[in-house]
Each structure stands twice: as C-alpha cells, then as structure tokens.
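Coordinates from input-v6.cif are shown below (mmCIF, C-alpha atoms).
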data_entry
#
loop_
_atom_site.label_atom_id
_atom_site.label_comp_id
_atom_site.auth_asym_id
_atom_site.auth_seq_id
_atom_site.Cartn_x
_atom_site.Cartn_y
_atom_site.Cartn_z
CA MET A 183 -68.69 168.31 129.24
CA ASN A 184 -67.49 171.82 128.66
CA LYS A 185 -64.23 172.75 127.07
CA LEU A 186 -61.67 174.01 129.53
CA VAL A 187 -58.83 176.38 128.64
CA MET A 188 -56.04 177.65 130.86
CA ARG A 189 -53.52 180.21 129.64
CA ARG A 190 -50.66 181.22 131.92
CA LYS A 191 -47.56 183.31 131.43
CA ALA A 192 -44.39 182.66 133.40
CA SER A 193 -44.92 185.97 135.23
CA ASP A 194 -48.29 184.75 136.58
CA ASN A 195 -46.56 182.38 139.04
CA VAL A 196 -43.49 182.08 141.23
CA TYR A 197 -41.09 179.33 140.20
CA PHE A 198 -41.19 176.97 143.16
CA HIS A 199 -41.85 173.27 142.75
CA PRO A 200 -40.88 171.45 145.99
CA GLN A 201 -41.78 168.09 144.45
CA PHE A 202 -38.33 168.31 142.86
CA HIS A 203 -36.89 167.46 146.30
CA ILE A 204 -38.56 164.06 145.93
CA ALA A 205 -37.05 163.64 142.47
CA MET A 206 -33.60 164.61 143.76
CA ASN A 207 -33.93 162.11 146.57
CA MET A 208 -34.87 159.43 144.01
CA ILE A 209 -31.81 160.27 141.93
CA ILE A 210 -29.49 159.91 144.93
CA ASP A 211 -31.13 156.65 145.94
CA TYR A 212 -30.97 155.34 142.37
CA ILE A 213 -27.25 156.07 142.03
CA GLU A 214 -26.45 154.52 145.39
CA LYS A 215 -28.38 151.32 144.60
CA ASN A 216 -27.12 150.96 141.03
CA PHE A 217 -23.60 152.38 141.12
CA GLY A 218 -22.60 152.69 144.79
CA LYS A 219 -21.92 155.48 147.27
CA LYS A 220 -18.75 156.62 145.55
CA ALA A 221 -20.79 157.28 142.41
CA VAL A 222 -23.16 159.54 144.38
CA ARG A 223 -20.21 161.76 145.25
CA GLU A 224 -18.90 161.53 141.69
CA TYR A 225 -22.25 162.73 140.29
CA LEU A 226 -22.68 165.52 142.83
CA LYS A 227 -19.15 166.73 142.12
CA GLN A 228 -19.90 166.83 138.39
CA PHE A 229 -23.15 168.71 139.00
CA ALA A 230 -21.69 171.20 141.50
CA ALA A 231 -18.66 171.93 139.32
CA ALA A 232 -20.97 172.74 136.41
CA CYS A 233 -23.85 174.47 138.16
CA TYR A 234 -22.04 176.49 140.81
CA LYS A 235 -19.12 177.66 138.67
CA PRO A 236 -20.26 181.34 138.86
CA LEU A 237 -20.61 181.06 142.65
CA LYS A 238 -17.10 179.61 142.96
CA GLU A 239 -15.72 182.53 140.93
CA LYS A 240 -17.60 184.98 143.14
CA ILE A 241 -16.15 183.35 146.27
CA LYS A 242 -12.65 183.62 144.81
CA LYS A 243 -13.20 187.37 144.32
CA GLN A 244 -15.36 188.30 147.33
CA GLY A 245 -14.61 185.59 149.89
CA LEU A 246 -17.19 184.16 152.27
CA LYS A 247 -19.47 187.17 151.90
CA ALA A 248 -20.53 185.76 148.52
CA LEU A 249 -21.24 182.35 150.00
CA ALA A 250 -23.20 183.83 152.92
CA GLY A 251 -25.37 185.76 150.46
CA TYR A 252 -25.99 182.64 148.41
CA ILE A 253 -26.94 180.51 151.44
CA GLU A 254 -29.19 183.20 152.89
CA GLN A 255 -31.08 183.48 149.60
CA LEU A 256 -31.24 179.69 149.11
CA TYR A 257 -32.98 179.04 152.43
CA ARG A 258 -35.19 182.12 152.19
CA LYS A 259 -36.58 180.84 148.88
CA GLU A 260 -37.28 177.49 150.54
CA GLY A 261 -39.02 179.22 153.45
CA ALA A 262 -36.56 177.89 156.05
CA LYS A 263 -34.93 179.59 159.02
CA VAL A 264 -31.16 179.69 159.21
CA LYS A 265 -28.75 181.48 161.49
CA ILE A 266 -25.74 182.94 159.76
CA TYR A 267 -22.70 184.13 161.67
CA ARG A 268 -19.94 185.69 159.64
CA GLU A 269 -16.47 187.07 160.30
CA THR A 270 -13.99 187.94 157.55
CA ASP A 271 -12.60 184.42 157.32
CA LEU A 272 -15.30 182.39 159.02
CA LEU A 273 -18.87 181.57 158.17
CA LYS A 274 -21.05 179.48 160.44
CA VAL A 275 -24.51 178.45 159.27
CA SER A 276 -27.01 176.77 161.60
CA ILE A 277 -29.97 175.14 159.90
CA LYS A 278 -32.66 173.92 162.25
CA LYS A 279 -34.49 171.74 159.72
CA CYS A 280 -33.53 171.03 156.14
CA PRO A 281 -36.49 172.05 153.93
CA ALA A 282 -35.72 169.24 151.46
CA VAL A 283 -35.67 166.56 154.17
CA SER A 284 -38.84 168.04 155.74
CA TYR A 285 -40.64 167.92 152.40
CA ILE A 286 -39.51 164.36 151.61
CA ARG A 287 -40.66 163.19 155.06
CA LYS A 288 -43.94 165.10 154.76
CA LYS A 289 -44.62 163.13 151.59
CA LYS A 290 -43.83 159.93 153.53
CA GLN A 291 -40.85 159.04 151.40
CA PRO A 292 -37.71 157.48 152.88
CA VAL A 293 -34.76 159.84 152.76
CA SER A 294 -31.90 158.21 150.83
CA ARG A 295 -28.91 157.19 152.92
CA SER A 296 -26.54 159.39 150.94
CA PHE A 297 -28.81 162.46 150.93
CA PHE A 298 -26.34 164.11 153.32
CA GLU A 299 -23.91 164.30 150.37
CA THR A 300 -26.14 166.94 148.75
CA THR A 301 -24.74 169.20 151.45
CA LYS A 302 -21.25 167.79 152.06
CA THR A 303 -20.06 167.04 148.52
CA ILE A 304 -21.76 170.11 147.05
CA TYR A 305 -20.01 172.62 149.37
CA GLU A 306 -16.70 170.74 149.21
CA THR A 307 -16.81 171.00 145.43
CA ILE A 308 -17.82 174.66 145.45
CA LEU A 309 -14.85 175.47 147.69
CA GLU A 310 -12.32 173.34 145.79
CA SER A 311 -9.46 175.49 144.48
CA THR A 312 -10.56 178.47 146.58
CA ASP A 313 -8.84 179.75 149.74
CA PHE A 314 -11.58 178.27 151.90
CA GLU A 315 -12.47 174.92 153.40
CA PHE A 316 -15.68 173.42 154.65
CA LYS A 317 -16.79 171.01 157.31
CA VAL A 318 -20.11 169.73 158.56
CA ASP A 319 -19.98 170.33 162.29
CA LYS A 320 -23.30 168.66 163.11
CA TYR A 321 -25.84 166.80 161.03
CA ASP A 322 -29.13 165.29 162.16
CA ARG A 323 -30.16 162.60 159.67
CA LYS A 324 -33.74 162.73 160.86
CA THR A 325 -34.37 166.44 160.21
CA GLY A 326 -31.40 167.34 158.02
CA GLY A 327 -30.68 170.08 160.58
CA SER A 328 -27.01 170.96 160.52
CA VAL A 329 -24.23 173.30 161.47
CA LEU A 330 -21.94 174.13 158.57
CA ILE A 331 -18.57 175.79 159.02
CA PHE A 332 -16.64 177.51 156.25
CA ARG A 333 -13.26 179.04 156.99
CA ARG A 334 -10.08 180.25 155.35
CA LYS A 335 -7.50 177.49 154.91
CA GLU A 336 -4.56 177.77 157.29
CA MET B 293 -29.12 170.83 150.28
CA ILE B 294 -29.75 171.47 146.65
CA SER B 295 -32.55 173.98 146.21
CA CYS B 296 -35.56 172.69 144.32
CA THR B 297 -34.99 175.66 142.01
CA ASP B 298 -31.62 174.12 141.05
CA PHE B 299 -33.12 170.74 140.28
CA ILE B 300 -33.26 171.21 136.51
CA PRO B 301 -29.49 171.56 136.01
CA ALA B 302 -29.03 168.66 138.47
CA TYR B 303 -31.42 166.59 136.36
CA SER B 304 -29.65 167.44 133.09
CA GLU B 305 -26.24 166.69 134.58
CA PHE B 306 -27.57 163.38 135.87
CA PHE B 307 -28.53 162.30 132.35
CA LYS B 308 -24.99 163.10 131.20
CA PHE B 309 -23.60 161.16 134.14
CA LEU B 310 -25.73 158.13 133.30
CA GLU B 311 -24.86 158.24 129.62
CA LYS B 312 -21.17 158.31 130.50
CA LYS B 313 -21.72 155.29 132.77
CA GLY B 314 -23.66 153.08 130.38
CA GLY B 315 -24.81 154.83 127.21
CA LYS B 316 -28.24 156.07 126.14
CA GLN B 317 -29.98 152.87 127.26
CA THR B 318 -28.91 153.59 130.86
CA VAL B 319 -30.56 157.01 130.62
CA ILE B 320 -33.79 155.55 129.21
CA LYS B 321 -33.82 152.87 131.92
CA PHE B 322 -33.70 155.63 134.54
CA TRP B 323 -36.52 157.59 132.85
CA GLU B 324 -38.66 154.47 133.01
CA TYR B 325 -37.76 153.95 136.65
CA LEU B 326 -38.63 157.58 137.41
CA SER B 327 -41.91 157.36 135.52
CA ASP B 328 -42.97 154.33 137.56
CA ARG B 329 -42.20 156.01 140.87
CA TYR B 330 -42.46 159.75 140.41
CA LEU B 331 -45.62 159.94 138.29
CA LYS B 332 -47.88 157.89 140.54
CA ASP B 333 -50.11 160.97 141.02
CA LEU B 334 -50.73 161.26 137.28
CA LYS B 335 -51.53 157.56 137.06
CA LYS B 336 -54.03 157.82 139.93
CA LEU B 337 -55.62 160.96 138.50
CA VAL B 338 -56.24 159.53 135.03
CA LYS B 339 -57.55 156.34 136.58
CA LYS B 340 -60.00 158.35 138.68
CA HIS B 341 -60.95 161.20 136.32
CA GLY B 342 -60.03 159.93 132.87
CA LEU B 343 -58.70 162.61 130.53
CA LYS B 344 -59.53 165.30 133.09
CA GLY B 345 -56.87 163.73 135.30
CA CYS B 346 -54.29 165.16 132.86
CA TRP B 347 -55.82 168.61 133.36
CA VAL B 348 -55.69 168.29 137.16
CA TYR B 349 -52.11 166.99 137.15
CA TRP B 350 -50.60 169.56 134.78
CA ALA B 351 -52.61 172.46 136.24
CA LYS B 352 -50.62 171.95 139.45
CA THR B 353 -47.16 171.18 138.07
CA LEU B 354 -47.09 173.77 135.26
CA ASN B 355 -48.24 176.53 137.59
CA GLU B 356 -45.68 175.58 140.25
CA GLU B 357 -43.01 175.55 137.57
CA ALA B 358 -44.16 178.98 136.32
CA ALA B 359 -44.50 177.77 132.76
CA ASP B 360 -45.74 179.87 129.84
CA PHE B 361 -48.43 177.60 128.42
CA LYS B 362 -51.94 177.03 127.18
CA MET B 363 -53.83 173.95 128.30
CA GLU B 364 -57.05 172.77 126.65
CA LEU B 365 -59.39 170.00 127.66
CA ASP B 366 -62.16 168.87 125.34
CA GLU B 367 -63.74 165.90 127.09
CA LYS B 368 -66.49 165.54 124.50
CA ASN B 369 -63.98 164.90 121.73
CA GLY B 370 -61.51 163.18 124.07
CA ILE B 371 -58.58 165.55 123.57
CA PHE B 372 -56.24 167.20 126.05
CA LYS B 373 -53.60 169.59 124.70
CA ILE B 374 -50.66 171.48 126.11
CA THR B 375 -49.04 174.16 124.03
CA MET B 376 -45.81 175.11 125.75
CA PHE B 377 -44.71 178.57 124.69
CA HIS B 378 -41.75 178.57 127.03
CA CYS B 379 -40.82 175.45 128.97
CA PRO B 380 -39.42 176.47 132.38
CA SER B 381 -37.22 173.41 132.45
CA LYS B 382 -35.51 173.62 129.05
CA GLY B 383 -35.77 177.40 129.24
CA LYS B 384 -33.73 177.43 132.44
CA LEU B 385 -31.04 175.25 130.88
CA LEU B 386 -30.83 177.49 127.83
CA LYS B 387 -30.58 180.56 130.08
CA LEU B 388 -27.71 179.19 132.16
CA LYS B 389 -24.83 179.97 129.85
CA HIS B 390 -22.32 178.02 131.95
CA ILE B 391 -24.35 174.80 131.61
CA GLU B 392 -24.46 172.63 128.51
CA PRO B 393 -27.86 170.88 128.51
CA TYR B 394 -27.96 167.12 128.00
CA LYS B 395 -28.39 166.64 124.25
CA ASP B 396 -31.65 164.69 124.50
CA TYR B 397 -32.95 166.49 127.56
CA CYS B 398 -36.50 167.03 126.27
CA LYS B 399 -36.95 163.36 125.39
CA HIS B 400 -37.51 162.55 129.06
CA CYS B 401 -41.00 164.09 128.68
CA ASP B 402 -41.71 161.62 125.90
CA VAL B 403 -40.63 158.53 127.85
CA LEU B 404 -41.99 159.51 131.29
CA TYR B 405 -45.54 160.45 130.31
CA ARG B 406 -46.01 157.95 127.47
CA ARG B 407 -45.26 155.16 129.92
CA ILE B 408 -48.14 156.27 132.15
CA LEU B 409 -50.71 157.41 129.59
CA GLU B 410 -50.58 154.78 126.85
CA PRO B 411 -51.31 151.80 129.14
CA SER B 412 -54.11 153.93 130.68
CA GLY B 413 -56.01 154.04 127.39
CA PHE B 414 -54.70 157.21 125.78
CA CYS B 415 -52.64 158.01 122.74
CA TYR B 416 -49.75 160.31 123.70
CA LYS B 417 -48.21 162.59 121.09
CA ILE B 418 -45.39 165.02 121.73
CA ASP B 419 -43.94 167.44 119.20
CA LEU B 420 -40.37 168.30 120.19
CA SER B 421 -39.42 169.92 116.86
CA ASN B 422 -39.05 173.32 118.56
CA CYS B 423 -37.54 172.12 121.82
CA GLU B 424 -34.31 174.04 121.19
CA LYS B 425 -36.48 177.15 121.61
CA ALA B 426 -38.01 175.66 124.80
CA ARG B 427 -41.29 175.08 122.96
CA CYS B 428 -43.25 171.88 122.54
CA LYS B 429 -46.75 170.52 122.12
CA ILE B 430 -48.41 167.58 123.84
CA ASN B 431 -51.65 165.95 122.75
CA VAL B 432 -53.34 163.25 124.79
CA ILE B 433 -56.17 161.57 122.92
CA LYS B 434 -58.67 159.15 124.37
CA ARG B 435 -58.63 155.88 122.43
#

Translate the structure described by the file into structure tokens.
Amino acid sequence: MNKLVMRRKASDNVYFHPQFHIAMNMIIDYIEKNFGKKAVREYLKQFAAACYKPLKEKIKKQGLKALAGYIEQLYRKEGAKVKIYRETDLLKVSIKKCPAVSYIRKKKQPVSRSFFETTKTIYETILESTDFEFKVDKYDRKTGGSVLIFRRKE
Amino acid sequence: MISCTDFIPAYSEFFKFLEKKGGKQTVIKFWEYLSDRYLKDLKKLVKKHGLKGCWVYWAKTLNEEAADFKMELDEKNGIFKITMFHCPSKGKLLKLKHIEPYKDYCKHCDVLYRRILEPSGFCYKIDLSNCEKARCKINVIKR
C-alpha cells in the first residue's frame, strides 16, 4: 500500500470535460419534470442573457461575422463538423450531428425532450435586441443534427 | 447546443434560478438529486476499490477539467486528500466578469460528494474557507 501523489497544473491539461453534457441534459430534464417546459425556456433565457452578453455586444457591432466566428470555434472545440455559409446579412449553419446529443447517447442516457431548447432558446436570446433573427430550419431529435439560419430582420 | 466548456456558468445560473423558484432548500434538493444520478461512477468506484476509488474518480475528472491540484492517497492510514490550488469551476466564474456567481456555488461540492462518501464508510471533510480565491481542500478518511 504505497502512498500515491499526483500534482497537476492547469496548463498540464486541456479544459474539456464532455461529461458536463450529461449534467446539462439532467438539468433540462429536471426543470421540465419539476417546473414545466415554459420554465426550461425561462432558465435558458436567464443563462444566455448572462453568459453570452459579450457575444451579443459583438454581434451588435460586427454583425453575423461575430456569430459565425463563435459557432465555428464552439464546434471545433467539441470536435464536430459544421458547414458555415455566410453572406453579409445571412448565416446558415449545417450541423450533421450535435456533439452533446452524440455524447449523451453514447453514454446510454435518454436525451431530455426539451434539449432542443439549448439551441433554439439560446440563439433567440443571444439575438434579442439585435438587428438579426434566428430560426431552426431543420432539427433531427435523434442526432441533434440541424440547419440553423440567422438573418437580418426585414 | 451549449458547449461543455460553458457548463459552469450554466450550472451557477441554474442554482440562482432554483433559489428564485423555491429558496435555498430547492437548490439543495437538486444537489441531492444530481448526486444520486450524476455521481454513480464515484459510488461504484469506492464500492469496488475502497478509498482508491476516490483517486481513480478524481484523477479523471480533475485532469479533464484542467484543475491546478495535488491529490494524495495514503491507503495504509486510510486518507485521501485533494488540495485545490485553483478550482477550474469557481475559477472560471471568478474570471467571467460579466457573470455573478451563485453565492453558495462551492457548497454543491459539499452536498454532492458527502452524500456518496459518508454512506460508503468514509468521513468527508471539505474546507471552503478560501473558496472565494477558488481554493479548497477535501479530505476523505476511512472510518
């Protein structure tokens, strides 16, 4: 029975803990079961308004270029492939498989019914009070694959 | 999709959301719920390996979370220790200037792990006196 010691500095590792997708899924499921679907959207709005405030400000200044950069980086970190098509006032993002949904399924967990809101409500909230609007063009509940469209409001 | 790297602010905001809905007890009830479901791996590991299960569990999570820590396992004397020099979770919240962390954020680590480890035959001690600097200490002692 030897003594074991492990010393690590933050710089020794890359911050990436996909198990948090499971925890996020549990949170969504918990809200839906205890407070209802409307509360899921209420929570996600509160979170997005707080967390993505700097992104919203960037979008107000730089337009969809800022959002495209954010999305590209987000999926790259998660090791997922996305296709991004951008014009000045249009951004179309095609996601073949959602890395969060893939991870949750890989761990044999049921994906919460409102998990879709982590895309829909989050982007709607980010774009609130900007010149842009958002719609989910396609969404596959099984894979989380989707086509997201962001455009300037008419 | 919310990136797993954005989970910590989502977690902190969720505690605020719950407290607004039903007070502190509602937050604690959720921590207990999460402990029962999310920490099944830790429960299995300590059941299988005893105190070393703590080592196996935290060696994975703390490395994935890129924590600044020291972990010590002394099986002979029945002690497992974590000295957290910089918690990636609280540290991230303190770094994000546009986010106000939930006031009792660090207490989730008390409720979640105690609930698994104490019924498994261990004494769980957590020192959160420096948690505003993203530092804490955990001792798990075999009874």

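Under the PyMOL selection byres ((chain B) within 7 of (chain A)), the matching residues in the shown file are Met293, Ile294, Ser295, Cys296, Thr297, Phe299, Pro301, Ala302, Glu305, Phe306, Phe309, Tyr330, Asn355, Glu356, Glu357, Ala358, Ala359, Asp360, Phe361, Lys362, Met363, Glu364, Leu365, Asp366, Glu367, Lys368 and Ile391 of chain B.
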
Between CA of Tyr267 in chain A and CA of Asp313 in chain A, distance in Å (one decimal) =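 We find that CA of Tyr267 in chain A and CA of Asp313 in chain A lie 18.8 Å from each other.
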
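Of the residues listed (B:Ile408, B:Ile371, B:Val348, B:Ile300), B:Ile371 shows the shortest atom-to-atom separation from Ile433 in chain B; distances use all atoms listed in the file.
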
Leaving out Leu334 in chain B and any residue of its chain fewer than 3 positions from it, which residues lie within 7 Å of it when counting all atoms listed in the file, given as a compact mmCIF listing (two decimals) with C-alpha atoms, in the frame of the given file?
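New file selection.txt:
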# COMPACT_ATOMS: atom_id res chain seq x y z
CA LEU B 331 -45.62 159.94 138.29
CA LEU B 337 -55.62 160.96 138.50
CA VAL B 338 -56.24 159.53 135.03
CA GLY B 345 -56.87 163.73 135.30
CA CYS B 346 -54.29 165.16 132.86
CA TYR B 349 -52.11 166.99 137.15

How many Å separate CA of Phe314 in chain A from CA of Lys243 in chain A?
-> 12.0 Å

Separating CA of Thr353 in chain B from CA of Arg287 in chain A, to the nearest tenth of an Å, is a gap of 19.9 Å

Given the PyMOL selection byres ((chain B and resi 376-379) around 6), the residues it picks as a list in words =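 With the shown file as input, the PyMOL selection byres ((chain B and resi 376-379) around 6) matches Ala359, Asp360, Phe361, Thr375, Pro380, Ser381, Lys382, Gly383, Ala426, Arg427, Cys428 and Lys429 of chain B.
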
Using the chain letters and numbers from the file, which residues does the PyMOL selection byres ((chain A and resi 327) around 12) grab, as a ChimeraX atom specification?
-> /A:262-265,275-284,298,301,318-326,328-330 /B:293
